[in-house]
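Here the structure comes first, spelled out in structure tokens, and everything after it is commentary.
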Amino acid sequence: MHELALMEEVRQLAEQELVRAGARQIHRMQLRIGSLSGVNPEALRLAFAVVMADDNPNGEPTTLDLEVVPTLCFCPHCQQTFAPADVIHACPRCGALSSQLLQGRELELVQLEVS
Amino acid sequence: MCGTCGCAAPPRRLITLQQGLLSRNDQQAAHNRRHFRSHGLMAVNLLSAPGSGKTALLEQLASRWPQRPLGVIVGDLATDNDAQRLLQAGARAVQIRTGDLCHLEADLVERAFAQLNCSGMNLLVIENVGNLVCPTAFDLGEQLRVVMLSVTEGEDKPLKYPALFKSADAVLISKADLAEAVGFQRQQALDNLQAVAPQARLFELSARSGHGLEPFSHWLQQHLPAGHGQHP
């Protein structure tokens with residue numbers, strides 16, 4: 001359950017930006033989570049609810065916008081990208097296993113909506 | 001005024017960041033990597049489920065590592081039992097007690113490293129908290145990542161926890177001396193590992209019998225920074 005530690009980190013990053021922007025409230029938070037990042041989206045939503053519970057006590061609660069980035073590989077034989085069907089990253093054209101990951105490990109704070 | 005309805009609420013605006021959630025850890029990890037390199041050290045992040053035999057492997061490695069002391073930073077939620085075992089085996093060991101944290105982070109490693117006498121040392125192993133999920137995304141500043149799977153855990157572990165196995169430079173199958181007793185399907189495990197982690201070097205070994213330790217030790221020596229090899 002490292003999602004809780006991760007969300008604490010997100011809150012710190014977001015609050016720094018809030019102060020830097022001279023704003024007072026975070027309305028919406030957008031995160032990008034790769035499907036191979038080791039983070040479970042549902043656990044992250046739960047962690048968000050726990051960590052952000054005390055924010056905006058008088059205003060509307062902050063909402064979470066979670067984008068899950070699918071895994072994308074590159075096949076060096078076919079010189080093509082492909083989206084693997086499961087955890088085995090076999091090229092659908094030639095069957096070769098790929099260890100070149102183009103996306104899927106993302107863990108990013110993309111955007112904040114503040115006022 | 002919000003500009004939409006004329007209410008007193010300040011207008012909303014967007015801040016675009018594209019910032020890594022682990023950017024603080026990543027910066028600390030990069031610092032650790034430079035720090036280890038400046039001391040002529042190769043750092044290895046050793047990961048497995050609890051009870052796969054990480055400490056037993058390092059006890060054996062400590063007595064076999066050629067002509068140099070083995071440095072170990074070991075993470076557990078509680079107790080310093082593992083560090084005590086490693087000290088008795090001749091390693092220089094520092095324990096990190098993480099409390100309720102299920103993985104090691106780069107700043108914890110930096111603080112532990114400050115307590116370690118690294119003179120004459122060329123290999124530092126960071127024995128992570130026993131966990132196949134949470135440590136995956138946390139770079140500690142290691143040069144190599146080694147993931148271990150014991151024969152008692154089942155052949156399909158790599159399929160169940162692909163993210164960690166895909167991040168490994170090497171995968172060790174440990175407790176090989178128990179394979180027959182527990183009905184370990186060796187070929188199935190090798191096939192699963194090859195399918196999920198084709199990038200990883202595979203080693204089968206037993207800390208108890210010593211079987212397979214030599215090839216793994218040799219592989220580590222091949223990765224040592226130039227000028228810090230077998231002969232000091």
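Letters for chains follow the order of the structure tokens (A, B, ...), residue numbers begin at 1 for each chain, and ligand numbers begin at 1 in the order shown.
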
Run DSSP on the backbone and tell me which residues of segment 6-113 of chain A come out as strand (DSSP E or B); list them as a PDB file with all heavy atoms, in the first residue's frame.
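Result file follows (result.pdb):
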```pdb
ATOM      1  N   ILE A  26      -7.414  24.041  -4.129  1.00  0.00           N
ATOM      2  CA  ILE A  26      -7.240  23.122  -5.258  1.00  0.00           C
ATOM      3  C   ILE A  26      -8.611  22.500  -5.553  1.00  0.00           C
ATOM      4  O   ILE A  26      -9.214  21.884  -4.681  1.00  0.00           O
ATOM      5  CB  ILE A  26      -6.237  21.993  -4.930  1.00  0.00           C
ATOM      6  CG1 ILE A  26      -4.895  22.579  -4.515  1.00  0.00           C
ATOM      7  CG2 ILE A  26      -6.067  21.053  -6.131  1.00  0.00           C
ATOM      8  CD1 ILE A  26      -3.920  21.562  -3.953  1.00  0.00           C
ATOM      9  N   HIS A  27      -9.101  22.691  -6.773  1.00  0.00           N
ATOM     10  CA  HIS A  27     -10.412  22.141  -7.125  1.00  0.00           C
ATOM     11  C   HIS A  27     -10.286  20.776  -7.768  1.00  0.00           C
ATOM     12  O   HIS A  27     -11.100  19.896  -7.538  1.00  0.00           O
ATOM     13  CB  HIS A  27     -11.141  23.082  -8.095  1.00  0.00           C
ATOM     14  CG  HIS A  27     -11.407  24.426  -7.487  1.00  0.00           C
ATOM     15  ND1 HIS A  27     -12.441  24.657  -6.614  1.00  0.00           N
ATOM     16  CD2 HIS A  27     -10.731  25.597  -7.587  1.00  0.00           C
ATOM     17  CE1 HIS A  27     -12.409  25.915  -6.218  1.00  0.00           C
ATOM     18  NE2 HIS A  27     -11.372  26.503  -6.793  1.00  0.00           N
ATOM     19  N   ARG A  28      -9.261  20.629  -8.595  1.00  0.00           N
ATOM     20  CA  ARG A  28      -9.129  19.390  -9.338  1.00  0.00           C
ATOM     21  C   ARG A  28      -7.652  19.075  -9.521  1.00  0.00           C
ATOM     22  O   ARG A  28      -6.824  19.981  -9.684  1.00  0.00           O
ATOM     23  CB  ARG A  28      -9.797  19.540 -10.709  1.00  0.00           C
ATOM     24  CG  ARG A  28      -9.967  18.246 -11.503  1.00  0.00           C
ATOM     25  CD  ARG A  28     -10.724  18.528 -12.808  1.00  0.00           C
ATOM     26  NE  ARG A  28     -10.039  19.536 -13.611  1.00  0.00           N
ATOM     27  CZ  ARG A  28      -9.070  19.258 -14.476  1.00  0.00           C
ATOM     28  NH1 ARG A  28      -8.655  18.018 -14.643  1.00  0.00           N
ATOM     29  NH2 ARG A  28      -8.491  20.221 -15.170  1.00  0.00           N
ATOM     30  N   MET A  29      -7.349  17.791  -9.489  1.00  0.00           N
ATOM     31  CA  MET A  29      -5.967  17.338  -9.610  1.00  0.00           C
ATOM     32  C   MET A  29      -5.929  16.265 -10.695  1.00  0.00           C
ATOM     33  O   MET A  29      -6.740  15.345 -10.662  1.00  0.00           O
ATOM     34  CB  MET A  29      -5.593  16.721  -8.266  1.00  0.00           C
ATOM     35  CG  MET A  29      -4.153  16.572  -8.012  1.00  0.00           C
ATOM     36  SD  MET A  29      -3.964  15.787  -6.417  1.00  0.00           S
ATOM     37  CE  MET A  29      -3.780  17.163  -5.345  1.00  0.00           C
ATOM     38  N   GLN A  30      -5.041  16.415 -11.665  1.00  0.00           N
ATOM     39  CA  GLN A  30      -4.976  15.419 -12.738  1.00  0.00           C
ATOM     40  C   GLN A  30      -3.671  14.637 -12.654  1.00  0.00           C
ATOM     41  O   GLN A  30      -2.576  15.218 -12.671  1.00  0.00           O
ATOM     42  CB  GLN A  30      -5.089  16.113 -14.105  1.00  0.00           C
ATOM     43  CG  GLN A  30      -5.223  15.123 -15.249  1.00  0.00           C
ATOM     44  CD  GLN A  30      -5.118  15.805 -16.600  1.00  0.00           C
ATOM     45  OE1 GLN A  30      -5.193  17.030 -16.705  1.00  0.00           O
ATOM     46  NE2 GLN A  30      -4.931  15.022 -17.639  1.00  0.00           N
ATOM     47  N   LEU A  31      -3.776  13.314 -12.553  1.00  0.00           N
ATOM     48  CA  LEU A  31      -2.601  12.441 -12.470  1.00  0.00           C
ATOM     49  C   LEU A  31      -2.575  11.484 -13.651  1.00  0.00           C
ATOM     50  O   LEU A  31      -3.624  11.073 -14.143  1.00  0.00           O
ATOM     51  CB  LEU A  31      -2.641  11.606 -11.185  1.00  0.00           C
ATOM     52  CG  LEU A  31      -2.707  12.326  -9.851  1.00  0.00           C
ATOM     53  CD1 LEU A  31      -2.700  11.304  -8.710  1.00  0.00           C
ATOM     54  CD2 LEU A  31      -1.530  13.272  -9.686  1.00  0.00           C
ATOM     55  N   ARG A  32      -1.362  11.137 -14.082  1.00  0.00           N
ATOM     56  CA  ARG A  32      -1.175  10.102 -15.118  1.00  0.00           C
ATOM     57  C   ARG A  32      -0.426   8.929 -14.499  1.00  0.00           C
ATOM     58  O   ARG A  32       0.661   9.108 -13.967  1.00  0.00           O
ATOM     59  CB  ARG A  32      -0.310  10.658 -16.267  1.00  0.00           C
ATOM     60  CG  ARG A  32      -1.072  11.378 -17.351  1.00  0.00           C
ATOM     61  CD  ARG A  32      -0.125  12.212 -18.201  1.00  0.00           C
ATOM     62  NE  ARG A  32       0.843  11.413 -18.923  1.00  0.00           N
ATOM     63  CZ  ARG A  32       0.602  10.851 -20.110  1.00  0.00           C
ATOM     64  NH1 ARG A  32      -0.553  11.032 -20.692  1.00  0.00           N
ATOM     65  NH2 ARG A  32       1.516  10.142 -20.712  1.00  0.00           N
ATOM     66  N   ILE A  33      -1.033   7.748 -14.588  1.00  0.00           N
ATOM     67  CA  ILE A  33      -0.470   6.559 -13.948  1.00  0.00           C
ATOM     68  C   ILE A  33      -0.303   5.469 -15.006  1.00  0.00           C
ATOM     69  O   ILE A  33      -1.280   5.031 -15.609  1.00  0.00           O
ATOM     70  CB  ILE A  33      -1.425   6.050 -12.839  1.00  0.00           C
ATOM     71  CG1 ILE A  33      -1.716   7.149 -11.814  1.00  0.00           C
ATOM     72  CG2 ILE A  33      -0.875   4.802 -12.172  1.00  0.00           C
ATOM     73  CD1 ILE A  33      -0.495   7.655 -11.085  1.00  0.00           C
ATOM     74  N   GLY A  34       0.919   5.040 -15.228  1.00  0.00           N
ATOM     75  CA  GLY A  34       1.176   3.983 -16.195  1.00  0.00           C
ATOM     76  C   GLY A  34       0.693   2.635 -15.681  1.00  0.00           C
ATOM     77  O   GLY A  34       0.728   2.378 -14.477  1.00  0.00           O
ATOM     78  N   THR A  63     -11.414  17.195  -6.530  1.00  0.00           N
ATOM     79  CA  THR A  63     -11.701  15.981  -7.297  1.00  0.00           C
ATOM     80  C   THR A  63     -10.415  15.458  -7.944  1.00  0.00           C
ATOM     81  O   THR A  63      -9.485  16.220  -8.204  1.00  0.00           O
ATOM     82  CB  THR A  63     -12.749  16.225  -8.405  1.00  0.00           C
ATOM     83  OG1 THR A  63     -12.262  17.257  -9.267  1.00  0.00           O
ATOM     84  CG2 THR A  63     -14.085  16.638  -7.819  1.00  0.00           C
ATOM     85  N   LEU A  64     -10.408  14.160  -8.172  1.00  0.00           N
ATOM     86  CA  LEU A  64      -9.232  13.504  -8.756  1.00  0.00           C
ATOM     87  C   LEU A  64      -9.560  13.059 -10.175  1.00  0.00           C
ATOM     88  O   LEU A  64     -10.564  12.392 -10.419  1.00  0.00           O
ATOM     89  CB  LEU A  64      -8.848  12.288  -7.909  1.00  0.00           C
ATOM     90  CG  LEU A  64      -7.720  11.416  -8.461  1.00  0.00           C
ATOM     91  CD1 LEU A  64      -6.411  12.174  -8.520  1.00  0.00           C
ATOM     92  CD2 LEU A  64      -7.558  10.160  -7.606  1.00  0.00           C
ATOM     93  N   ASP A  65      -8.681  13.445 -11.074  1.00  0.00           N
ATOM     94  CA  ASP A  65      -8.828  13.060 -12.477  1.00  0.00           C
ATOM     95  C   ASP A  65      -7.657  12.123 -12.772  1.00  0.00           C
ATOM     96  O   ASP A  65      -6.510  12.566 -12.844  1.00  0.00           O
ATOM     97  CB  ASP A  65      -8.744  14.364 -13.297  1.00  0.00           C
ATOM     98  CG  ASP A  65      -9.160  14.169 -14.725  1.00  0.00           C
ATOM     99  OD1 ASP A  65      -9.383  13.014 -15.114  1.00  0.00           O
ATOM    100  OD2 ASP A  65      -9.242  15.185 -15.440  1.00  0.00           O
ATOM    101  N   LEU A  66      -7.932  10.828 -12.887  1.00  0.00           N
ATOM    102  CA  LEU A  66      -6.869   9.830 -12.985  1.00  0.00           C
ATOM    103  C   LEU A  66      -6.834   9.237 -14.392  1.00  0.00           C
ATOM    104  O   LEU A  66      -7.788   8.599 -14.821  1.00  0.00           O
ATOM    105  CB  LEU A  66      -7.151   8.730 -11.955  1.00  0.00           C
ATOM    106  CG  LEU A  66      -6.023   7.801 -11.574  1.00  0.00           C
ATOM    107  CD1 LEU A  66      -4.856   8.560 -10.985  1.00  0.00           C
ATOM    108  CD2 LEU A  66      -6.522   6.779 -10.557  1.00  0.00           C
ATOM    109  N   GLU A  67      -5.722   9.460 -15.068  1.00  0.00           N
ATOM    110  CA  GLU A  67      -5.579   8.898 -16.412  1.00  0.00           C
ATOM    111  C   GLU A  67      -4.648   7.687 -16.335  1.00  0.00           C
ATOM    112  O   GLU A  67      -3.501   7.816 -15.895  1.00  0.00           O
ATOM    113  CB  GLU A  67      -4.975   9.962 -17.348  1.00  0.00           C
ATOM    114  CG  GLU A  67      -4.803   9.480 -18.773  1.00  0.00           C
ATOM    115  CD  GLU A  67      -3.911  10.405 -19.597  1.00  0.00           C
ATOM    116  OE1 GLU A  67      -3.596  11.523 -19.125  1.00  0.00           O
ATOM    117  OE2 GLU A  67      -3.517  10.005 -20.696  1.00  0.00           O
ATOM    118  N   VAL A  68      -5.138   6.525 -16.730  1.00  0.00           N
ATOM    119  CA  VAL A  68      -4.293   5.328 -16.731  1.00  0.00           C
ATOM    120  C   VAL A  68      -3.684   5.181 -18.132  1.00  0.00           C
ATOM    121  O   VAL A  68      -4.402   5.112 -19.125  1.00  0.00           O
ATOM    122  CB  VAL A  68      -5.087   4.069 -16.340  1.00  0.00           C
ATOM    123  CG1 VAL A  68      -4.201   2.837 -16.409  1.00  0.00           C
ATOM    124  CG2 VAL A  68      -5.658   4.231 -14.932  1.00  0.00           C
ATOM    125  N   VAL A  69      -2.352   5.174 -18.188  1.00  0.00           N
ATOM    126  CA  VAL A  69      -1.643   5.112 -19.476  1.00  0.00           C
ATOM    127  C   VAL A  69      -1.375   3.653 -19.834  1.00  0.00           C
ATOM    128  O   VAL A  69      -0.696   2.952 -19.083  1.00  0.00           O
ATOM    129  CB  VAL A  69      -0.304   5.881 -19.386  1.00  0.00           C
ATOM    130  CG1 VAL A  69       0.392   5.888 -20.733  1.00  0.00           C
ATOM    131  CG2 VAL A  69      -0.530   7.284 -18.878  1.00  0.00           C
ATOM    132  N   LEU A  72       2.882   0.475 -23.895  1.00  0.00           N
ATOM    133  CA  LEU A  72       3.194   0.498 -25.325  1.00  0.00           C
ATOM    134  C   LEU A  72       4.646   0.056 -25.507  1.00  0.00           C
ATOM    135  O   LEU A  72       5.544   0.579 -24.847  1.00  0.00           O
ATOM    136  CB  LEU A  72       2.993   1.910 -25.869  1.00  0.00           C
ATOM    137  CG  LEU A  72       2.762   2.055 -27.379  1.00  0.00           C
ATOM    138  CD1 LEU A  72       1.499   1.342 -27.814  1.00  0.00           C
ATOM    139  CD2 LEU A  72       2.678   3.532 -27.757  1.00  0.00           C
ATOM    140  N   CYS A  73       4.857  -0.935 -26.381  1.00  0.00           N
ATOM    141  CA  CYS A  73       6.203  -1.487 -26.591  1.00  0.00           C
ATOM    142  C   CYS A  73       6.682  -1.211 -28.014  1.00  0.00           C
ATOM    143  O   CYS A  73       5.891  -0.862 -28.890  1.00  0.00           O
ATOM    144  CB  CYS A  73       6.196  -2.991 -26.380  1.00  0.00           C
ATOM    145  SG  CYS A  73       5.722  -3.480 -24.730  1.00  0.00           S
ATOM    146  N   PHE A  74       7.980  -1.426 -28.213  1.00  0.00           N
ATOM    147  CA  PHE A  74       8.570  -1.302 -29.539  1.00  0.00           C
ATOM    148  C   PHE A  74       9.197  -2.641 -29.920  1.00  0.00           C
ATOM    149  O   PHE A  74       9.933  -3.228 -29.122  1.00  0.00           O
ATOM    150  CB  PHE A  74       9.631  -0.197 -29.543  1.00  0.00           C
ATOM    151  CG  PHE A  74      10.258   0.026 -30.887  1.00  0.00           C
ATOM    152  CD1 PHE A  74       9.563   0.691 -31.885  1.00  0.00           C
ATOM    153  CD2 PHE A  74      11.540  -0.430 -31.151  1.00  0.00           C
ATOM    154  CE1 PHE A  74      10.137   0.902 -33.134  1.00  0.00           C
ATOM    155  CE2 PHE A  74      12.125  -0.227 -32.397  1.00  0.00           C
ATOM    156  CZ  PHE A  74      11.409   0.448 -33.394  1.00  0.00           C
ATOM    157  N   CYS A  75       8.882  -3.118 -31.114  1.00  0.00           N
ATOM    158  CA  CYS A  75       9.495  -4.357 -31.595  1.00  0.00           C
ATOM    159  C   CYS A  75      10.685  -4.001 -32.490  1.00  0.00           C
ATOM    160  O   CYS A  75      10.497  -3.399 -33.553  1.00  0.00           O
ATOM    161  CB  CYS A  75       8.496  -5.201 -32.374  1.00  0.00           C
ATOM    162  SG  CYS A  75       9.291  -6.663 -33.087  1.00  0.00           S
ATOM    163  N   GLN A  80       8.188  -1.529 -35.242  1.00  0.00           N
ATOM    164  CA  GLN A  80       6.815  -1.044 -35.042  1.00  0.00           C
ATOM    165  C   GLN A  80       6.516  -0.980 -33.548  1.00  0.00           C
ATOM    166  O   GLN A  80       7.065  -1.762 -32.770  1.00  0.00           O
ATOM    167  CB  GLN A  80       5.820  -2.026 -35.666  1.00  0.00           C
ATOM    168  CG  GLN A  80       5.975  -2.259 -37.146  1.00  0.00           C
ATOM    169  CD  GLN A  80       5.161  -1.279 -37.969  1.00  0.00           C
ATOM    170  OE1 GLN A  80       4.290  -0.594 -37.436  1.00  0.00           O
ATOM    171  NE2 GLN A  80       5.435  -1.204 -39.255  1.00  0.00           N
ATOM    172  N   THR A  81       5.609  -0.071 -33.186  1.00  0.00           N
ATOM    173  CA  THR A  81       5.120  -0.073 -31.806  1.00  0.00           C
ATOM    174  C   THR A  81       3.908  -0.992 -31.724  1.00  0.00           C
ATOM    175  O   THR A  81       3.221  -1.227 -32.716  1.00  0.00           O
ATOM    176  CB  THR A  81       4.704   1.338 -31.358  1.00  0.00           C
ATOM    177  OG1 THR A  81       3.660   1.787 -32.213  1.00  0.00           O
ATOM    178  CG2 THR A  81       5.862   2.307 -31.425  1.00  0.00           C
ATOM    179  N   PHE A  82       3.663  -1.521 -30.517  1.00  0.00           N
ATOM    180  CA  PHE A  82       2.468  -2.344 -30.318  1.00  0.00           C
ATOM    181  C   PHE A  82       2.013  -2.264 -28.868  1.00  0.00           C
ATOM    182  O   PHE A  82       2.804  -2.003 -27.966  1.00  0.00           O
ATOM    183  CB  PHE A  82       2.733  -3.800 -30.731  1.00  0.00           C
ATOM    184  CG  PHE A  82       3.704  -4.544 -29.855  1.00  0.00           C
ATOM    185  CD1 PHE A  82       3.264  -5.307 -28.783  1.00  0.00           C
ATOM    186  CD2 PHE A  82       5.081  -4.484 -30.111  1.00  0.00           C
ATOM    187  CE1 PHE A  82       4.165  -5.989 -27.981  1.00  0.00           C
ATOM    188  CE2 PHE A  82       5.983  -5.171 -29.306  1.00  0.00           C
ATOM    189  CZ  PHE A  82       5.522  -5.924 -28.236  1.00  0.00           C
ATOM    190  N   ALA A  90       4.806  -9.719 -26.105  1.00  0.00           N
ATOM    191  CA  ALA A  90       5.152 -10.374 -27.375  1.00  0.00           C
ATOM    192  C   ALA A  90       4.564  -9.565 -28.527  1.00  0.00           C
ATOM    193  O   ALA A  90       3.395  -9.173 -28.492  1.00  0.00           O
ATOM    194  CB  ALA A  90       4.609 -11.795 -27.383  1.00  0.00           C
ATOM    195  N   LEU A  97       9.722 -11.279 -28.155  1.00  0.00           N
ATOM    196  CA  LEU A  97       9.505 -10.564 -26.899  1.00  0.00           C
ATOM    197  C   LEU A  97      10.235  -9.231 -26.931  1.00  0.00           C
ATOM    198  O   LEU A  97      11.382  -9.157 -27.363  1.00  0.00           O
ATOM    199  CB  LEU A  97      10.021 -11.407 -25.735  1.00  0.00           C
ATOM    200  CG  LEU A  97       9.252 -12.706 -25.480  1.00  0.00           C
ATOM    201  CD1 LEU A  97      10.001 -13.571 -24.483  1.00  0.00           C
ATOM    202  CD2 LEU A  97       7.847 -12.401 -24.978  1.00  0.00           C
ATOM    203  N   LEU A 101      10.195  -0.562 -23.577  1.00  0.00           N
ATOM    204  CA  LEU A 101       8.921  -0.002 -23.148  1.00  0.00           C
ATOM    205  C   LEU A 101       8.867   1.476 -23.533  1.00  0.00           C
ATOM    206  O   LEU A 101       9.724   2.256 -23.117  1.00  0.00           O
ATOM    207  CB  LEU A 101       8.830  -0.155 -21.628  1.00  0.00           C
ATOM    208  CG  LEU A 101       7.464  -0.104 -20.995  1.00  0.00           C
ATOM    209  CD1 LEU A 101       6.618  -1.280 -21.471  1.00  0.00           C
ATOM    210  CD2 LEU A 101       7.608  -0.156 -19.490  1.00  0.00           C
ATOM    211  N   LEU A 102       7.875   1.854 -24.345  1.00  0.00           N
ATOM    212  CA  LEU A 102       7.760   3.259 -24.756  1.00  0.00           C
ATOM    213  C   LEU A 102       6.899   4.051 -23.782  1.00  0.00           C
ATOM    214  O   LEU A 102       7.130   5.225 -23.539  1.00  0.00           O
ATOM    215  CB  LEU A 102       7.160   3.353 -26.164  1.00  0.00           C
ATOM    216  CG  LEU A 102       7.966   2.660 -27.266  1.00  0.00           C
ATOM    217  CD1 LEU A 102       7.267   2.807 -28.604  1.00  0.00           C
ATOM    218  CD2 LEU A 102       9.378   3.231 -27.345  1.00  0.00           C
ATOM    219  N   GLN A 103       5.879   3.432 -23.233  1.00  0.00           N
ATOM    220  CA  GLN A 103       5.080   4.071 -22.179  1.00  0.00           C
ATOM    221  C   GLN A 103       4.453   3.006 -21.301  1.00  0.00           C
ATOM    222  O   GLN A 103       4.332   1.845 -21.688  1.00  0.00           O
ATOM    223  CB  GLN A 103       4.009   4.975 -22.784  1.00  0.00           C
ATOM    224  CG  GLN A 103       2.992   4.231 -23.641  1.00  0.00           C
ATOM    225  CD  GLN A 103       1.831   5.121 -24.062  1.00  0.00           C
ATOM    226  OE1 GLN A 103       2.035   6.224 -24.532  1.00  0.00           O
ATOM    227  NE2 GLN A 103       0.611   4.631 -23.891  1.00  0.00           N
ATOM    228  N   LEU A 107       4.287   8.158 -13.755  1.00  0.00           N
ATOM    229  CA  LEU A 107       3.720   8.554 -12.459  1.00  0.00           C
ATOM    230  C   LEU A 107       3.844  10.066 -12.435  1.00  0.00           C
ATOM    231  O   LEU A 107       4.874  10.586 -12.026  1.00  0.00           O
ATOM    232  CB  LEU A 107       4.524   7.951 -11.306  1.00  0.00           C
ATOM    233  CG  LEU A 107       4.272   6.520 -10.884  1.00  0.00           C
ATOM    234  CD1 LEU A 107       5.265   6.099  -9.811  1.00  0.00           C
ATOM    235  CD2 LEU A 107       2.850   6.363 -10.349  1.00  0.00           C
ATOM    236  N   GLU A 108       2.827  10.776 -12.892  1.00  0.00           N
ATOM    237  CA  GLU A 108       2.964  12.226 -13.095  1.00  0.00           C
ATOM    238  C   GLU A 108       1.800  13.017 -12.532  1.00  0.00           C
ATOM    239  O   GLU A 108       0.641  12.613 -12.647  1.00  0.00           O
ATOM    240  CB  GLU A 108       3.035  12.553 -14.598  1.00  0.00           C
ATOM    241  CG  GLU A 108       4.333  12.210 -15.257  1.00  0.00           C
ATOM    242  CD  GLU A 108       4.248  12.315 -16.781  1.00  0.00           C
ATOM    243  OE1 GLU A 108       3.290  12.942 -17.274  1.00  0.00           O
ATOM    244  OE2 GLU A 108       5.130  11.756 -17.444  1.00  0.00           O
ATOM    245  N   LEU A 109       2.155  14.151 -11.973  1.00  0.00           N
ATOM    246  CA  LEU A 109       1.148  15.159 -11.640  1.00  0.00           C
ATOM    247  C   LEU A 109       1.074  16.080 -12.852  1.00  0.00           C
ATOM    248  O   LEU A 109       2.015  16.798 -13.156  1.00  0.00           O
ATOM    249  CB  LEU A 109       1.578  15.933 -10.385  1.00  0.00           C
ATOM    250  CG  LEU A 109       0.721  17.109  -9.959  1.00  0.00           C
ATOM    251  CD1 LEU A 109      -0.734  16.701  -9.744  1.00  0.00           C
ATOM    252  CD2 LEU A 109       1.272  17.727  -8.678  1.00  0.00           C
ATOM    253  N   VAL A 110      -0.028  16.003 -13.580  1.00  0.00           N
ATOM    254  CA  VAL A 110      -0.125  16.687 -14.865  1.00  0.00           C
ATOM    255  C   VAL A 110      -0.610  18.122 -14.716  1.00  0.00           C
ATOM    256  O   VAL A 110      -0.021  19.059 -15.252  1.00  0.00           O
ATOM    257  CB  VAL A 110      -1.086  15.919 -15.810  1.00  0.00           C
ATOM    258  CG1 VAL A 110      -1.204  16.630 -17.158  1.00  0.00           C
ATOM    259  CG2 VAL A 110      -0.585  14.506 -16.011  1.00  0.00           C
ATOM    260  N   GLN A 111      -1.685  18.298 -13.977  1.00  0.00           N
ATOM    261  CA  GLN A 111      -2.338  19.601 -13.950  1.00  0.00           C
ATOM    262  C   GLN A 111      -3.113  19.801 -12.640  1.00  0.00           C
ATOM    263  O   GLN A 111      -3.618  18.848 -12.057  1.00  0.00           O
ATOM    264  CB  GLN A 111      -3.326  19.662 -15.125  1.00  0.00           C
ATOM    265  CG  GLN A 111      -3.587  21.047 -15.637  1.00  0.00           C
ATOM    266  CD  GLN A 111      -4.429  21.011 -16.893  1.00  0.00           C
ATOM    267  OE1 GLN A 111      -5.474  20.355 -16.921  1.00  0.00           O
ATOM    268  NE2 GLN A 111      -3.980  21.691 -17.932  1.00  0.00           N
ATOM    269  N   LEU A 112      -3.174  21.062 -12.225  1.00  0.00           N
ATOM    270  CA  LEU A 112      -4.010  21.429 -11.073  1.00  0.00           C
ATOM    271  C   LEU A 112      -4.982  22.514 -11.503  1.00  0.00           C
ATOM    272  O   LEU A 112      -4.610  23.414 -12.250  1.00  0.00           O
ATOM    273  CB  LEU A 112      -3.136  21.998  -9.942  1.00  0.00           C
ATOM    274  CG  LEU A 112      -2.129  21.086  -9.273  1.00  0.00           C
ATOM    275  CD1 LEU A 112      -1.270  21.899  -8.320  1.00  0.00           C
ATOM    276  CD2 LEU A 112      -2.843  19.967  -8.531  1.00  0.00           C
ATOM    277  N   GLU A 113      -6.196  22.427 -11.025  1.00  0.00           N
ATOM    278  CA  GLU A 113      -7.136  23.537 -11.207  1.00  0.00           C
ATOM    279  C   GLU A 113      -7.289  24.213  -9.856  1.00  0.00           C
ATOM    280  O   GLU A 113      -7.682  23.568  -8.876  1.00  0.00           O
ATOM    281  CB  GLU A 113      -8.483  23.011 -11.709  1.00  0.00           C
ATOM    282  CG  GLU A 113      -9.432  24.133 -12.095  1.00  0.00           C
ATOM    283  CD  GLU A 113     -10.763  23.599 -12.604  1.00  0.00           C
ATOM    284  OE1 GLU A 113     -10.785  22.523 -13.227  1.00  0.00           O
ATOM    285  OE2 GLU A 113     -11.770  24.263 -12.351  1.00  0.00           O
TER     286      GLU A 113
END
```

Please return, as a PyMOL selection string, all residues of chain B lying within 9 Å of chain A when only C-alpha atoms are considered. chain B and resi 9-22+24+101-103+133-137+159-164+166+192+194-199

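Looking only at chain A, the set that DSSP places in alpha helix (DSSP H) from backbone geometry is Glu3, Leu4, Ala5, Leu6, Met7, Glu8, Glu9, Val10, Arg11, Gln12, Leu13, Ala14, Glu15, Gln16, Glu17, Leu18, Val19, Arg20, Pro41, Glu42, Ala43, Leu44, Arg45, Leu46, Ala47, Phe48, Ala49, Val50 and Val51 of chain A.
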
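Distance-wise, atom CA of Val50 of chain A and atom CA of Asp26 of chain B end up 24.9 Å apart.
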
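Interatomic distance, atom CA of Asp191 of chain B against atom CA of Val171 of chain B: 12.8 Å.
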
Tell me which protein, DNA and RNA residues are within 10 Å of Gln88 of chain B, counting only C-alpha atoms, leaving out same-chain ones fewer than 6 positions away, and put them as a PyMOL selection string. chain B and resi 59+62+82

If you keep C-alpha atoms, can you produce a file of those selected residues as a PDB file, in the first residue's frame?
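New file selection_25.pdb:
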```pdb
ATOM      1  CA  GLU B  59      25.535 -14.073   4.412  1.00  0.00           C
ATOM      2  CA  ALA B  62      29.911 -11.832   2.406  1.00  0.00           C
ATOM      3  CA  ASP B  82      18.999  -9.162   9.642  1.00  0.00           C
TER       4      ASP B  82
END
```

Show which residues sit within 12 Å of segment 70-72 of chain B, as number ranges by chain. Count only C-alpha atoms, and ignore same-chain residues fewer than 3 positions away. B: 36, 41-46, 54-55, 57-67, 75, 82-87, 89-96, 109, 112-113, 115-128, 217
